[in-house]
Structure formats: C-alpha cells, structure tokens
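Novice: Okay, handing you the structure first.
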Protein chains: 2
Amino acid sequence: MRKGGQTRTLILNEAVVLASRVGLEGLSIGSLATRLGMSKSGLFAHFGSKEDLQLQTLKQGQARFEETVFRPALKEARGLPRLRALLANWFSWVEQQSEVPGGCLMLAASIEYDDRPGAVRDLLVAGQRELRGAIAKAIRLAIDERHLKPETDPWQLTFELFGIVLATHHDRRLLGDAHALDRARAALERLIAAHQIPAAA
Amino acid sequence: MRKGGQTRTLILNEAVVLASRVGLEGLSIGSLATRLGMSKSGLFAHFGSKEDLQLQTLKQGQARFEETVFRPALKEARGLPRLRALLANWFSWVEQQSEVPGGCLMLAASIEYDDRPGAVRDLLVAGQRELRGAIAKAIRLAIDERHLKPETDPWQLTFELFGIVLATHHDRRLLGDAHALDRARAALERLIAAHQIPAAA
DNA sequence: GTATATAACGAACGTTCGTACTATTATGCG
DNA sequence: CGCATAATAGTACGAACGTTCGTTATATAC
C-alpha cells in the first residue's frame, strides 16, 4: 500500500519528464517502464488505462507548476509586488523548463490537445482557466491597491502577459535564443509602465 | 511522370490537414493512405521515408503560410501600412486555422520538435528565422519612413508581436475564446501607438 | 501501336503499441 | 512467524506502425 504509492509517484515524475519530450500522446508505457527498470505490466497495473496515466501525469505537472510559480508569489504583498513575483516565477519556470529537455508539459499538451476532446483536454482547459483567473485576480488587486490605473482591463492585460510568456518559451526552446528572457522582461516592464499609476502619492 | 506529381500534391495537401490535427510525428502513412483511398505502399513510394514525408508536408504548410500572410502584404506601401497588413493577414490566418481542425501546423510542429534534432527541426527553425527577419525588416522600413520612432528596437517589437499571435492562437483554439481576436487587435494597437510618431507632420 | 517507364497495389516483414490474464514475489499486520 | 494482500513480473493478444518486396496496371514516348 505504501510501497505502491511511492513507486507510483516515482513513475509519475519520470512520466512528466518523458511526456514533456514526446508529448502526452507519444508517451508510451513500454518506454516509460524500461526507463524505470520495471516491467510494462507492473507499471500498467498502477493505472487502469493509458488515458489515466496521461491524466495523472498532467496533474503532476500542474501541481509542480502551482508549487513553483504560484504558491511562492502569494507571500508577496498584494498588488503590483505579487503580480511581479508571479511573472518572475513564471519566467524562472520557463527558463528552468528550457534547460531540461522537453519544455513545459502544459504548453506542449495545450497544442497537442487543442482539438482532441476528452478528459485530458478538459483537465488542461480547467488548469488554464484557473491560471488565467488567478492572474486576472492579481491584476484586480493591483488596481484596488491603486498600483495600476482603474481603467486597466484585467483580462486584456492577462492576455498580453500570457503572450509574453508564450513568446519567451518559443524563442528559448525552438530558436535557443538566450536573450529571450531579456526581451520578456523588457516587454513586461513596458506593459506595466503603461498601466501603472505614477509613483507620486 | 505528370500523374505522379499531381497525386503527390494531393497527398501533401491532405497530409497538411492531418498533420495539423495529430502532429507531424503522429501523422501515419497508413491512415493518410486510407483517407486518400489509396494503398499504404503506393503512397509510400512517393516519399522514400517517413521523415521525407514530414519534411515535404511541412514545406507545403510553410508555402501556404507564405502565400496567405506574406505575399499579399508586399502590395501595401512600405512602412506602417505594410506592417499592419502583415499582422492583419496573420490574424486572419490564425482565425482560419482555428476554424479548421488542427490549428496552425507550424506552431504545432514548433512545440513538437523544439528539442528533437533533425531535418524537420532544422526546416522549422529556418522558416521561423525567415519569418522573424521579414517582420523585423518591415519594422525597420517603418522606422525609415518615419512612421515609427527611431529608437524602436525591431527585434524587441517583433518578439512582442509574435507573443500576441501566439496568445491569440492559444486562446482561440484551446479555450475557444471568440474574443481572442479583439484582444489581439487591442494589444496590437496599443503596441503600435507606443512606438508610433504622432501624425503631426 | 507497341515498348518502356512510372504509378499503384497487396502481402508480409519485424517491432511496438495498449491491454488482459495469470503467476510470482514482496510487504505489512496480528 | 505466518498469512493475507498488495505489488510486480511474465506471457500473450490483436492492431497498427514504417518499410520492403514482387507484381500488376497505367500512362508516357517512340
């Protein structure tokens, strides 16, 4: 019972790594088992089906994102500091995912499943909606704190911030552009400056 | 001789559609053949290998992008009009690719191959570099025409424009957000306004 | 109109896929 | 320690994968 749980976690950790490289669909039970030094059937027994394995793997990836990017940002003061921390953590996440092979699992899966209906896609969409909502909320708090102009549209700003992250991930990974992060930070600063209330108070 | 060429084109057109949905790696010769009502071996004979099929398919996709987004924009006056046309066509492309299943083949492949070395990746990177270069060039022309401020960084602006497109594609496809295009246009206008030289001349 | 080159076919190769069922080993509790 | 149960291994399956083969049908060229 306890042993099973811990190897299950071991499997899922490796599954996240592998799926980042070959996609959730390309993730095969056989190669995952080989990589872990266990039998295909032994591994399979932990999950009833491939779809379940995909779901659990995605959940694991989402949880790690949450821990790395989100939870730490909540310690910062609400408003602009928290929003900045969020983006900084997010940039770190992209950078970290760029060093390891495969990139961000959620971004890869978003493209892979963007028109493959099913439980995986549903989970993906739910996670994405949660993320967007959280960012928009942070923006709204920054407006309340009078850090950002009241006419700021939280969803529009969220959209533009997300675009910066996507472009960074893309440039960093496909093009191997080492300056992508600098570009991202510059874009972020310009974006914040455009919506910020001047410091005169 | 001539017959071979035209069925080859037929195959590639279908391959672009199919690969957009399942990825270039997920594209299987068997299902492609079935879909075209021909035999696996007959289809395979047109390409020496699966990798060749993937390459030709990607080239076909790139060519179509070029025709749809790029060439028409060259008719516009150099400077801001041409840059605007470029982005407008690009938005149309994303919108068009969002209605058809699968989305943009190049974006999907970018994620799929971002760390799978090989000829496919090389072709992808080359296409991406060409695209970036062309956008940056259009921006540079807009600076020369005194439509944009001389301190504008063409590569930085290209990066941010690309981010808008990526976010649009993402929101449109994964989230099915019908307002993504409005958000994109708003972001574009804000971005241009920030770099534009006031119309007073 | 016939010869020849090209295009398409059907079958089979060996491998890998996900899944099912059974047997064996390891673990945890009384 | 012994036993129940959980965890892993083993084996087999049908299907699909990319690829190769030899053959047939079709289109081009003389």
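Ligands are numbered from 1 in the order shown, chains are lettered A, B, ... in the order of the structure tokens, and residues start at 1 in each chain.
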Taking only residues of chain D that have an atom at most 8 Å from an atom of chain B, what is each one's shortest atom pair and its distance in Å to one decimal, using only C-alpha atoms (C1' of nucleotides), in chain and number order, as a Markdown table?
Specialist:
| residue | atom | partner | partner_atom | distance |
| --- | --- | --- | --- | --- |
| D:DC17 | C1' | B:Ser28 | CA | 7.8 |
| D:DG18 | C1' | B:Lys50 | CA | 7.3 |
| D:DA27 | C1' | B:Lys3 | CA | 7.8 |
| D:DT28 | C1' | B:Met1 | CA | 7.5 |
Novice: Find the nearest atom pair between each residue of chain B and chain A for residues within 9 Å, count only C-alpha atoms, give distances in Å to one decimal, sort rows by chain and ascending number, and present the table as a Markdown table.
Specialist:
| residue | atom | partner | partner_atom | distance |
| --- | --- | --- | --- | --- |
| B:Arg21 | CA | A:Asp115 | CA | 7.4 |
| B:Val22 | CA | A:Glu112 | CA | 7.3 |
| B:Gly23 | CA | A:Glu112 | CA | 7.5 |
| B:Glu25 | CA | A:Gly26 | CA | 8.6 |
| B:Gly26 | CA | A:Gly26 | CA | 8.0 |
| B:Pro101 | CA | A:Asp115 | CA | 6.7 |
| B:Gly102 | CA | A:Asp115 | CA | 6.4 |
| B:Gly103 | CA | A:Asp114 | CA | 8.1 |
| B:Leu107 | CA | A:Ile111 | CA | 8.2 |
| B:Ala108 | CA | A:Ile111 | CA | 6.0 |
| B:Ser110 | CA | A:Leu174 | CA | 6.5 |
| B:Ile111 | CA | A:Ala108 | CA | 5.9 |
| B:Glu112 | CA | A:Ala108 | CA | 7.3 |
| B:Tyr113 | CA | A:Leu174 | CA | 7.7 |
| B:Asp114 | CA | A:Leu174 | CA | 4.6 |
| B:Asp115 | CA | A:Gly102 | CA | 6.3 |
| B:Arg116 | CA | A:Arg21 | CA | 8.2 |
| B:Arg121 | CA | A:Leu174 | CA | 8.3 |
| B:Leu124 | CA | A:Leu174 | CA | 8.5 |
| B:Val125 | CA | A:Leu175 | CA | 6.5 |
| B:Gln128 | CA | A:Leu175 | CA | 8.2 |
| B:Arg129 | CA | A:Leu175 | CA | 8.2 |
| B:Trp155 | CA | A:Arg183 | CA | 8.8 |
| B:Gln156 | CA | A:Arg183 | CA | 6.1 |
| B:Leu157 | CA | A:Ala187 | CA | 8.7 |
| B:Phe159 | CA | A:Ala167 | CA | 6.7 |
| B:Glu160 | CA | A:Ile164 | CA | 6.6 |
| B:Leu161 | CA | A:Gly163 | CA | 8.8 |
| B:Phe162 | CA | A:Ala167 | CA | 6.4 |
| B:Gly163 | CA | A:Gly163 | CA | 4.2 |
| B:Ile164 | CA | A:Gly163 | CA | 5.2 |
| B:Val165 | CA | A:Gly163 | CA | 7.6 |
| B:Leu166 | CA | A:Gly163 | CA | 6.1 |
| B:Ala167 | CA | A:Gly163 | CA | 4.6 |
| B:Thr168 | CA | A:Gly163 | CA | 8.0 |
| B:His170 | CA | A:Ile111 | CA | 7.7 |
| B:Asp171 | CA | A:Phe159 | CA | 8.5 |
| B:Arg173 | CA | A:Asp114 | CA | 5.7 |
| B:Leu174 | CA | A:Asp114 | CA | 4.6 |
| B:Leu175 | CA | A:Val125 | CA | 6.5 |
| B:Ala180 | CA | A:Phe159 | CA | 8.5 |
| B:Arg183 | CA | A:Gln156 | CA | 6.1 |
| B:Ala184 | CA | A:Glu160 | CA | 8.3 |
| B:Ala186 | CA | A:Gln156 | CA | 8.3 |
| B:Ala187 | CA | A:Glu160 | CA | 6.9 |
| B:Ala194 | CA | A:Ala194 | CA | 9.0 |
Novice: Using N, CA and C atoms, can you write the selected residues to a file as a compact mmCIF listing (two decimals), in the first residue's frame?
Specialist:
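This is the output file result36.txt:
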# COMPACT_ATOMS: atom_id res chain seq x y z
N ARG B 21 -3.70 18.13 -37.18
CA ARG B 21 -4.51 17.58 -36.10
C ARG B 21 -3.71 16.68 -35.17
N VAL B 22 -2.88 15.84 -35.73
CA VAL B 22 -2.22 14.83 -34.92
C VAL B 22 -0.71 15.05 -34.80
N GLY B 23 -0.23 16.13 -35.39
CA GLY B 23 1.21 16.39 -35.33
C GLY B 23 1.94 15.70 -36.45
N GLU B 25 4.59 14.00 -36.14
CA GLU B 25 5.04 12.70 -35.65
C GLU B 25 3.87 11.72 -35.62
N GLY B 26 2.72 12.23 -35.26
CA GLY B 26 1.53 11.39 -35.19
C GLY B 26 0.96 11.06 -36.55
N PRO B 101 -10.01 21.99 -38.20
CA PRO B 101 -9.40 21.23 -37.11
C PRO B 101 -7.88 21.20 -37.20
N GLY B 102 -7.24 21.35 -36.07
CA GLY B 102 -5.79 21.16 -36.02
C GLY B 102 -4.99 22.41 -35.74
N GLY B 103 -5.48 23.55 -36.19
CA GLY B 103 -4.71 24.75 -35.96
C GLY B 103 -3.52 24.86 -36.89
N LEU B 107 3.02 26.08 -35.86
CA LEU B 107 3.05 26.28 -34.41
C LEU B 107 3.04 24.95 -33.68
N ALA B 108 2.23 24.03 -34.16
CA ALA B 108 2.18 22.72 -33.54
C ALA B 108 3.53 22.03 -33.65
N SER B 110 6.38 23.40 -34.01
CA SER B 110 7.39 24.11 -33.22
C SER B 110 7.50 23.54 -31.82
N ILE B 111 6.36 23.23 -31.25
CA ILE B 111 6.35 22.64 -29.91
C ILE B 111 6.81 21.19 -29.98
N GLU B 112 6.35 20.50 -31.01
CA GLU B 112 6.64 19.07 -31.13
C GLU B 112 8.13 18.82 -31.32
N TYR B 113 8.78 19.70 -32.06
CA TYR B 113 10.16 19.43 -32.44
C TYR B 113 11.15 20.36 -31.76
N ASP B 114 10.73 21.04 -30.70
CA ASP B 114 11.62 22.05 -30.16
C ASP B 114 12.86 21.44 -29.52
N ASP B 115 12.84 20.16 -29.24
CA ASP B 115 14.12 19.53 -28.90
C ASP B 115 14.24 18.13 -29.47
N ARG B 116 13.81 18.00 -30.71
CA ARG B 116 14.04 16.77 -31.46
C ARG B 116 14.92 17.11 -32.64
N ARG B 121 13.25 19.69 -37.65
CA ARG B 121 13.51 20.82 -36.77
C ARG B 121 14.29 21.92 -37.49
N LEU B 124 12.09 23.85 -39.71
CA LEU B 124 11.20 24.65 -38.89
C LEU B 124 11.90 25.92 -38.40
N VAL B 125 13.11 25.75 -37.92
CA VAL B 125 13.88 26.88 -37.42
C VAL B 125 14.18 27.86 -38.55
N GLN B 128 11.13 29.83 -39.29
CA GLN B 128 10.86 30.78 -38.22
C GLN B 128 11.81 31.98 -38.29
N ARG B 129 13.07 31.71 -38.58
CA ARG B 129 14.05 32.79 -38.69
C ARG B 129 13.69 33.72 -39.84
N TRP B 155 13.74 43.99 -33.24
CA TRP B 155 13.67 42.61 -32.76
C TRP B 155 12.80 42.50 -31.52
N GLN B 156 12.88 43.50 -30.69
CA GLN B 156 12.03 43.51 -29.50
C GLN B 156 10.56 43.61 -29.90
N LEU B 157 10.28 44.48 -30.83
CA LEU B 157 8.90 44.65 -31.28
C LEU B 157 8.40 43.39 -31.97
N PHE B 159 9.38 40.40 -31.34
CA PHE B 159 9.13 39.44 -30.24
C PHE B 159 7.75 39.67 -29.64
N GLU B 160 7.42 40.91 -29.39
CA GLU B 160 6.15 41.20 -28.73
C GLU B 160 4.96 40.94 -29.66
N LEU B 161 5.15 41.24 -30.93
CA LEU B 161 4.09 40.96 -31.90
C LEU B 161 3.85 39.45 -31.99
N PHE B 162 4.92 38.71 -32.00
CA PHE B 162 4.80 37.26 -32.06
C PHE B 162 4.06 36.72 -30.84
N GLY B 163 4.33 37.31 -29.71
CA GLY B 163 3.63 36.91 -28.49
C GLY B 163 2.13 37.10 -28.61
N ILE B 164 1.74 38.19 -29.22
CA ILE B 164 0.31 38.44 -29.41
C ILE B 164 -0.31 37.35 -30.28
N VAL B 165 0.38 37.01 -31.34
CA VAL B 165 -0.13 35.97 -32.25
C VAL B 165 -0.24 34.63 -31.52
N LEU B 166 0.79 34.31 -30.76
CA LEU B 166 0.78 33.04 -30.03
C LEU B 166 -0.38 32.99 -29.04
N ALA B 167 -0.56 34.07 -28.32
CA ALA B 167 -1.64 34.10 -27.33
C ALA B 167 -2.99 33.98 -28.02
N THR B 168 -3.11 34.59 -29.17
CA THR B 168 -4.38 34.53 -29.91
C THR B 168 -4.68 33.09 -30.32
N HIS B 170 -3.53 30.38 -29.09
CA HIS B 170 -3.76 29.58 -27.90
C HIS B 170 -5.19 29.75 -27.38
N ASP B 171 -5.59 30.99 -27.19
CA ASP B 171 -6.91 31.26 -26.64
C ASP B 171 -8.01 30.81 -27.57
N ARG B 173 -7.91 28.44 -29.79
CA ARG B 173 -8.02 27.01 -30.01
C ARG B 173 -8.30 26.22 -28.74
N LEU B 174 -7.47 26.44 -27.73
CA LEU B 174 -7.66 25.65 -26.51
C LEU B 174 -8.89 26.10 -25.74
N LEU B 175 -9.03 27.40 -25.60
CA LEU B 175 -10.13 27.92 -24.79
C LEU B 175 -11.37 28.23 -25.61
N ALA B 180 -10.74 36.43 -28.65
CA ALA B 180 -9.28 36.48 -28.72
C ALA B 180 -8.80 37.47 -29.77
N ARG B 183 -8.98 40.99 -28.54
CA ARG B 183 -7.87 41.23 -27.61
C ARG B 183 -6.58 41.46 -28.38
N ALA B 184 -6.39 40.62 -29.41
CA ALA B 184 -5.17 40.73 -30.21
C ALA B 184 -5.09 42.10 -30.89
N ALA B 186 -6.56 44.85 -30.01
CA ALA B 186 -6.35 45.89 -28.99
C ALA B 186 -4.88 45.95 -28.59
N ALA B 187 -4.30 44.77 -28.37
CA ALA B 187 -2.88 44.72 -27.98
C ALA B 187 -2.01 45.31 -29.09
N ALA B 194 2.40 53.01 -28.98
CA ALA B 194 3.54 53.28 -28.11
C ALA B 194 4.80 53.61 -28.91
Novice: What lies within 9 Å of Gln62 of chain B using only C-alpha atoms (C1' of nucleotides), ignoring chain neighbours under 6 positions off, as a compact mmCIF listing (two decimals) with N, CA and C atoms, in the first residue's frame?
Specialist:
# COMPACT_ATOMS: atom_id res chain seq x y z
N LEU B 105 -0.14 24.36 -38.46
CA LEU B 105 0.81 23.26 -38.48
C LEU B 105 2.18 23.67 -37.96
N MET B 106 2.62 24.86 -38.34
CA MET B 106 3.95 25.30 -37.95
C MET B 106 4.07 25.51 -36.44
N LEU B 124 12.09 23.85 -39.71
CA LEU B 124 11.20 24.65 -38.89
C LEU B 124 11.90 25.92 -38.40
N GLY B 127 12.47 28.38 -41.25
CA GLY B 127 11.24 29.10 -41.58
C GLY B 127 10.94 30.17 -40.55
Novice: Neighbouring residues of Ser92 of chain A were defined as those with any atom within 10 Å, considering only C-alpha atoms (C1' of nucleotides); residues of the same chain fewer than 6 positions away were excluded. Please report them as a count of residues only.
Specialist: 5
Novice: Pick out the chain C residues within 12 Å of chain A. Count only C-alpha atoms (C1' of nucleotides). Give them as a list in words.
Specialist: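 Taken together, these residues fit the definition: DT16, DC17, DG18, DT19, DA20, DC21, DT22, DA26, DT27 and DG28 of chain C.
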Novice: Now that the selection is made, can you save its residues with C-alpha atoms (C1' of nucleotides) as a JSON list (two decimals), in the first residue's frame?
Specialist:
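This is the output file selection-v2.json:
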[["chain", "number", "residue", "atom", "x", "y", "z"],
["C", 16, "DT", "C1'", 5.90, -1.58, -30.81],
["C", 17, "DC", "C1'", 1.59, -0.18, -29.21],
["C", 18, "DG", "C1'", -2.20, -0.69, -25.26],
["C", 19, "DT", "C1'", -4.44, -4.11, -22.75],
["C", 20, "DA", "C1'", -5.76, -8.66, -20.40],
["C", 21, "DC", "C1'", -4.91, -12.55, -17.66],
["C", 22, "DT", "C1'", -2.07, -15.37, -14.73],
["C", 26, "DA", "C1'", 7.44, -8.65, -1.59],
["C", 27, "DT", "C1'", 5.24, -6.33, 2.11],
["C", 28, "DG", "C1'", 2.71, -5.31, 6.34]]
Novice: Please extract the residues of segment 95-197 of chain A with a backbone DSSP assignment of alpha helix (DSSP H) and present them as a PyMOL selection string.
Specialist: chain A and resi 95-99+105-112+119-144+154-173+180-195
